[in-house]
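Chemist: For reference, the file final_13.pdb (PDB, C-alpha atoms) is included below:
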ATOM      1  CA  MET A  98    -146.733-247.677 111.435
ATOM      2  CA  PRO A  99    -144.753-244.570 112.473
ATOM      3  CA  THR A 100    -143.428-242.366 109.708
ATOM      4  CA  ALA A 101    -139.690-241.749 109.513
ATOM      5  CA  LYS A 102    -138.613-238.309 110.669
ATOM      6  CA  ARG A 103    -137.218-236.116 107.965
ATOM      7  CA  GLN A 104    -133.721-234.921 108.477
ATOM      8  CA  LYS A 105    -133.657-231.190 108.917
ATOM      9  CA  LYS A 106    -131.818-229.434 106.101
ATOM     10  CA  PRO A 107    -129.316-226.716 106.988
ATOM     11  CA  PRO A 108    -130.520-223.180 106.221
ATOM     12  CA  ARG A 109    -129.798-222.084 102.656
ATOM     13  CA  ARG A 110    -127.236-219.479 103.740
ATOM     14  CA  GLU A 111    -125.257-222.212 105.530
ATOM     15  CA  THR A 112    -125.507-224.471 102.478
ATOM     16  CA  ILE A 113    -124.097-221.670 100.341
ATOM     17  CA  ILE A 114    -121.273-220.976 102.814
ATOM     18  CA  GLU A 115    -120.328-224.676 102.911
ATOM     19  CA  ALA A 116    -120.298-224.900  99.117
ATOM     20  CA  ALA A 117    -118.321-221.662  98.814
ATOM     21  CA  SER A 118    -115.814-222.859 101.441
ATOM     22  CA  ALA A 119    -115.149-226.056  99.509
ATOM     23  CA  LEU A 120    -114.741-224.232  96.199
ATOM     24  CA  PHE A 121    -112.595-221.409  97.578
ATOM     25  CA  ALA A 122    -110.361-224.006  99.272
ATOM     26  CA  ARG A 123    -110.064-226.092  96.107
ATOM     27  CA  ASN A 124    -109.881-223.364  93.424
ATOM     28  CA  GLY A 125    -108.937-220.227  95.342
ATOM     29  CA  TYR A 126    -110.911-217.009  95.436
ATOM     30  CA  ASP A 127    -109.978-215.989  91.891
ATOM     31  CA  GLY A 128    -110.705-219.446  90.465
ATOM     32  CA  THR A 129    -114.237-219.598  91.879
ATOM     33  CA  SER A 130    -117.226-217.904  90.310
ATOM     34  CA  MET A 131    -120.684-217.208  91.678
ATOM     35  CA  ARG A 132    -122.012-219.605  89.040
ATOM     36  CA  ASP A 133    -119.705-222.330  90.420
ATOM     37  CA  ILE A 134    -120.985-221.702  93.937
ATOM     38  CA  ALA A 135    -124.589-221.799  92.760
ATOM     39  CA  ALA A 136    -124.036-225.142  91.030
ATOM     40  CA  GLU A 137    -122.216-226.605  94.045
ATOM     41  CA  SER A 138    -124.934-225.498  96.462
ATOM     42  CA  GLY A 139    -127.841-226.486  94.204
ATOM     43  CA  ILE A 140    -129.223-222.957  94.111
ATOM     44  CA  LEU A 141    -130.025-220.844  91.057
ATOM     45  CA  ALA A 142    -127.205-218.379  90.355
ATOM     46  CA  GLY A 143    -129.511-215.372  90.678
ATOM     47  CA  SER A 144    -130.774-216.600  94.038
ATOM     48  CA  LEU A 145    -127.290-216.293  95.575
ATOM     49  CA  TYR A 146    -127.662-212.522  95.470
ATOM     50  CA  TYR A 147    -130.570-212.740  97.883
ATOM     51  CA  TYR A 148    -128.081-213.965 100.504
ATOM     52  CA  PHE A 149    -124.864-212.219  99.403
ATOM     53  CA  ALA A 150    -124.520-209.031  97.377
ATOM     54  CA  SER A 151    -121.217-210.149  95.832
ATOM     55  CA  LYS A 152    -118.526-212.797  95.800
ATOM     56  CA  GLU A 153    -116.461-210.546  98.074
ATOM     57  CA  GLU A 154    -119.251-210.452 100.635
ATOM     58  CA  MET A 155    -119.594-214.230 100.450
ATOM     59  CA  PHE A 156    -115.851-214.744 100.883
ATOM     60  CA  ALA A 157    -115.882-212.376 103.869
ATOM     61  CA  ALA A 158    -118.637-214.489 105.469
ATOM     62  CA  VAL A 159    -116.746-217.732 104.815
ATOM     63  CA  HIS A 160    -113.522-216.246 106.214
ATOM     64  CA  GLU A 161    -115.287-214.858 109.283
ATOM     65  CA  GLN A 162    -116.881-218.232 110.008
ATOM     66  CA  ALA A 163    -113.454-219.912 109.767
ATOM     67  CA  ILE A 164    -111.884-217.329 112.101
ATOM     68  CA  ASN A 165    -114.762-217.696 114.559
ATOM     69  CA  ARG A 166    -114.237-221.457 114.611
ATOM     70  CA  LEU A 167    -110.490-221.021 115.252
ATOM     71  CA  CYS A 168    -111.089-218.443 117.996
ATOM     72  CA  THR A 169    -113.647-220.652 119.724
ATOM     73  CA  GLY A 170    -111.491-223.775 119.548
ATOM     74  CA  THR A 171    -108.424-221.912 120.783
ATOM     75  CA  LEU A 172    -110.179-220.132 123.657
ATOM     76  CA  GLN A 173    -111.953-223.283 124.825
ATOM     77  CA  ALA A 174    -108.585-225.019 125.230
ATOM     78  CA  ILE A 175    -107.156-222.326 127.541
ATOM     79  CA  ASN A 176    -107.353-222.448 131.317
ATOM     80  CA  PRO A 177    -107.208-218.733 132.221
ATOM     81  CA  ALA A 178    -105.809-219.563 135.673
ATOM     82  CA  ALA A 179    -102.772-221.422 134.272
ATOM     83  CA  ASP A 180     -99.288-219.909 133.971
ATOM     84  CA  PRO A 181     -98.408-218.195 130.633
ATOM     85  CA  TRP A 182     -96.390-221.114 129.222
ATOM     86  CA  THR A 183     -99.214-223.537 129.956
ATOM     87  CA  ARG A 184    -101.776-221.146 128.440
ATOM     88  CA  LEU A 185     -99.607-220.825 125.330
ATOM     89  CA  GLN A 186     -99.333-224.589 125.046
ATOM     90  CA  GLN A 187    -103.108-224.946 125.469
ATOM     91  CA  ALA A 188    -103.828-222.197 122.927
ATOM     92  CA  SER A 189    -101.476-223.822 120.418
ATOM     93  CA  GLU A 190    -103.095-227.214 120.940
ATOM     94  CA  GLY A 191    -106.584-225.737 120.571
ATOM     95  CA  TYR A 192    -105.563-223.906 117.417
ATOM     96  CA  LEU A 193    -103.993-226.974 115.778
ATOM     97  CA  THR A 194    -106.801-229.323 116.773
ATOM     98  CA  THR A 195    -109.444-226.941 115.410
ATOM     99  CA  MET A 196    -107.495-226.104 112.262
ATOM    100  CA  LEU A 197    -106.718-229.706 111.387
ATOM    101  CA  SER A 198    -110.301-230.856 112.017
ATOM    102  CA  SER A 199    -111.729-228.185 109.700
ATOM    103  CA  ALA A 200    -109.071-228.228 107.007
ATOM    104  CA  THR A 201    -111.267-226.815 104.244
ATOM    105  CA  GLN A 202    -112.041-223.561 106.006
ATOM    106  CA  SER A 203    -108.633-223.337 107.632
ATOM    107  CA  SER A 204    -106.891-223.502 104.274
ATOM    108  CA  LEU A 205    -108.685-220.293 103.269
ATOM    109  CA  ILE A 206    -107.131-218.389 106.144
ATOM    110  CA  ILE A 207    -103.675-219.706 105.351
ATOM    111  CA  THR A 208    -103.647-219.432 101.550
ATOM    112  CA  GLU A 209    -105.762-216.346 100.825
ATOM    113  CA  PHE A 210    -103.652-213.281 101.525
ATOM    114  CA  PRO A 211    -105.544-210.059 102.294
ATOM    115  CA  LEU A 212    -103.133-207.841 100.330
ATOM    116  CA  ARG A 213    -104.359-209.380  97.072
ATOM    117  CA  ARG A 214    -107.928-208.209  97.722
ATOM    118  CA  SER A 215    -109.838-204.940  97.331
ATOM    119  CA  GLY A 216    -109.673-202.341 100.105
ATOM    120  CA  LYS A 217    -112.986-203.201 101.789
ATOM    121  CA  LEU A 218    -112.452-206.981 101.683
ATOM    122  CA  ARG A 219    -108.803-206.607 102.712
ATOM    123  CA  ALA A 220    -109.808-204.539 105.755
ATOM    124  CA  LYS A 221    -112.367-207.167 106.794
ATOM    125  CA  LEU A 222    -109.908-210.058 106.434
ATOM    126  CA  VAL A 223    -107.190-208.215 108.368
ATOM    127  CA  THR A 224    -109.639-207.316 111.152
ATOM    128  CA  ASP A 225    -110.701-210.970 111.454
ATOM    129  CA  ARG A 226    -107.102-212.194 111.554
ATOM    130  CA  ARG A 227    -106.112-209.616 114.161
ATOM    131  CA  ARG A 228    -108.989-210.759 116.355
ATOM    132  CA  PHE A 229    -107.584-214.283 116.255
ATOM    133  CA  GLU A 230    -103.963-213.174 116.727
ATOM    134  CA  ALA A 231    -104.949-211.088 119.753
ATOM    135  CA  ILE A 232    -105.513-214.335 121.673
ATOM    136  CA  PHE A 233    -101.846-215.193 121.225
ATOM    137  CA  SER A 234    -100.621-211.608 121.671
ATOM    138  CA  GLU A 235    -102.067-211.468 125.155
ATOM    139  CA  ILE A 236    -100.391-214.718 126.170
ATOM    140  CA  VAL A 237     -97.022-213.924 124.543
ATOM    141  CA  ASP A 238     -96.975-210.547 126.303
ATOM    142  CA  ALA A 239     -97.150-212.414 129.630
ATOM    143  CA  LEU A 240     -94.344-214.900 128.867
ATOM    144  CA  PRO A 241     -91.071-214.646 130.799
ATOM    145  CA  LEU A 242     -88.869-214.110 127.741
ATOM    146  CA  ALA A 243     -85.293-212.825 127.610
ATOM    147  CA  PRO A 244     -85.205-208.995 127.500
ATOM    148  CA  ASP A 245     -83.769-208.850 123.971
ATOM    149  CA  VAL A 246     -86.586-210.963 122.461
ATOM    150  CA  ASP A 247     -88.999-209.067 120.213
ATOM    151  CA  ARG A 248     -92.395-210.407 121.261
ATOM    152  CA  SER A 249     -94.068-209.484 117.963
ATOM    153  CA  TYR A 250     -91.593-211.550 115.959
ATOM    154  CA  TRP A 251     -91.798-214.348 118.527
ATOM    155  CA  ARG A 252     -95.597-214.481 118.191
ATOM    156  CA  LEU A 253     -95.448-214.337 114.387
ATOM    157  CA  ALA A 254     -92.855-217.134 114.320
ATOM    158  CA  LEU A 255     -95.065-219.379 116.441
ATOM    159  CA  LEU A 256     -98.227-218.595 114.483
ATOM    160  CA  GLY A 257     -96.396-219.195 111.211
ATOM    161  CA  MET A 258     -95.130-222.580 112.361
ATOM    162  CA  LEU A 259     -98.574-223.564 113.621
ATOM    163  CA  ALA A 260    -100.347-222.367 110.457
ATOM    164  CA  TRP A 261     -98.146-224.260 108.040
ATOM    165  CA  THR A 262     -98.758-227.485 109.950
ATOM    166  CA  HIS A 263    -101.872-227.542 107.767
ATOM    167  CA  VAL A 264     -99.634-228.216 104.751
ATOM    168  CA  TRP A 265     -97.447-231.022 106.084
ATOM    169  CA  TYR A 266     -99.414-232.653 108.912
ATOM    170  CA  ASP A 267     -99.978-236.399 108.677
ATOM    171  CA  ASN A 268    -102.467-237.845 111.154
ATOM    172  CA  LYS A 269    -100.492-241.098 111.235
ATOM    173  CA  GLY A 270     -97.676-239.323 113.096
ATOM    174  CA  ASP A 271     -97.704-237.144 116.191
ATOM    175  CA  SER A 272    -101.027-235.823 117.471
ATOM    176  CA  PRO A 273    -101.850-232.114 117.100
ATOM    177  CA  ASN A 274    -101.090-231.718 120.825
ATOM    178  CA  GLN A 275     -97.650-233.310 120.410
ATOM    179  CA  VAL A 276     -96.888-231.109 117.395
ATOM    180  CA  ALA A 277     -97.962-227.991 119.313
ATOM    181  CA  GLN A 278     -95.760-228.980 122.261
ATOM    182  CA  GLN A 279     -92.725-229.494 120.019
ATOM    183  CA  LEU A 280     -93.174-226.149 118.244
ATOM    184  CA  VAL A 281     -93.655-224.186 121.469
ATOM    185  CA  ASP A 282     -90.637-225.933 123.010
ATOM    186  CA  LEU A 283     -88.444-225.023 120.017
ATOM    187  CA  LEU A 284     -89.010-221.342 120.668
ATOM    188  CA  LYS A 285     -89.064-221.609 124.454
ATOM    189  CA  GLU A 286     -85.672-223.304 124.738
ATOM    190  CA  ARG A 287     -83.840-220.399 123.089
ATOM    191  CA  THR A 288     -85.841-217.433 124.310
ATOM    192  CA  ALA A 289     -87.160-218.062 127.842
ATOM    193  CA  THR A 290     -85.488-216.270 130.732
ATOM    194  CA  PRO A 291     -83.054-218.625 132.478
TER
END
Just give me the structure of the file as structure tokens.

Modeler:
Amino acid sequence: MPTAKRQKKPPRRETIIEAASALFARNGYDGTSMRDIAAESGILAGSLYYYFASKEEMFAAVHEQAINRLCTGTLQAINPAADPWTRLQQASEGYLTTMLSSATQSSLIITEFPLRRSGKLRAKLVTDRRRFEAIFSEIVDALPLAPDVDRSYWRLALLGMLAWTHVWYDNKGDSPNQVAQQLVDLLKERTATP
């Protein structure tokens, strides 16, 4: 009689990151302790320090993983040969689809503000966010917008609208793609060159 294959466990570092993500999303950075993370991940509290020197370092790893996921999902949705409006629509759809399918990690990016953190952690979080925002900056710079439109504010307005979808989105309503289309169209109608 063949023996059942054992399911492969995720590496311990990944287990810790998953547990930390859930706790940071539920309790916030300040409301989560290393002891909480150890209990959630089933690892002795002292053993966490083998993988992460501090809670800051762990949060930086969780945040970076969330940003990487958003960057990947956004970039995969873009056809580089498409016109700028189409690329923006695709990027917005990729962003929303990825964000809404990984709500735990995404909430960390939206609710944890870098200015509340120490200098080293703040710099890391800002660098990660800028890497993600650069995807949209490049597309917005190519849009045919009216000459008096400030592209930085335009980009920030779109990213803000997309980000807060996380708070109000209901999967019984419009799809992420439909939401993205509506939000892009709201800005496009008033700012595109005639």

Chemist: Kindly list the centre and edge lengths in Å, rounded to one decimal, for the axis-aligned box that covers all listed atoms of segment 243-251 of chain A plus 5 Å on each of its six sides, as JSON.

Modeler:
{"center_x": -88.9, "center_y": -211.6, "center_z": 121.8, "size_x": 20.3, "size_y": 15.5, "size_z": 21.7}

Chemist: For each of A:Ala200, A:Leu205, A:Val223, A:Ile164, take the minimum atom-to-atom distance to Trp265 of chain A, counting all atoms listed in the file, then give the residue where this is smallest.

Modeler: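 The answer is A:Ala200, which sits nearest to Trp265 of chain A.
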
Chemist: With only C-alpha atoms as the basis for distance, which of A:Gln275, A:Met155, A:Ala231, A:Ala150 is at the shortest distance from Ala117 of chain A?

Modeler: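 Closest residue, counting only C-alpha atoms: A:Met155.
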
Chemist: Between atom CA of Asp180 of chain A and atom CA of Ala277 of chain A, what is the distance in Å, rounded to a tenth?

Modeler: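 Spanning atom CA of Asp180 of chain A to atom CA of Ala277 of chain A is a straight-line distance of 16.8 Å.
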
Chemist: Hey, which of A:Arg109, A:His160, A:Arg184, A:Arg228 ends up closest to Ser144 of chain A? Count all atoms listed in the file.

Modeler: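 Nearest to Ser144 of chain A: A:Arg109.
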
Chemist: Please identify all polymer residues within 10 Å of Pro244 of chain A, counting all atoms listed in the file, omitting same-chain residues fewer than 6 positions from it, and present them as a list in words.

Modeler: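 Here the qualifying residues turn out to be Thr288, Ala289 and Thr290 of chain A.
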
Chemist: What is the distance, in Å and to one decimal place, between atom CA of Gln186 of chain A and atom CA of Asp245 of chain A?

Modeler: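 Pair atom CA of Gln186 of chain A / atom CA of Asp245 of chain A returns 22.2 Å.
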
Chemist: Output the residue selection produced by the PyMOL selection byres ((chain A and resi 133) around 12) on the file above, formatted as a list in words.

Modeler: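 That expression, the PyMOL selection byres ((chain A and resi 133) around 12), corresponds here to Ile113, Ala116, Ala117, Ser118, Ala119, Leu120, Phe121, Arg123, Asn124, Tyr126, Asp127, Gly128, Thr129, Ser130, Met131, Arg132, Ile134, Ala135, Ala136, Glu137, Ser138, Gly139, Ile140, Leu141, Ala142, Leu145 and Lys152 of chain A.
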
Chemist: What is the distance, in Å and to one decimal place, between atom CA of Glu153 of chain A and atom CA of Phe233 of chain A?

Modeler: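 Interatomic distance, atom CA of Glu153 of chain A to atom CA of Phe233 of chain A: 27.8 Å.
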
Chemist: Do you know which residues are at most 12 Å from segment 166-176 of chain A counting only C-alpha atoms, after dropping those on the same chain fewer than 3 positions away, and could you put them as number ranges by chain?

Modeler: A: 159-163, 179-200, 202-204, 206, 225-233, 235-236, 260, 274
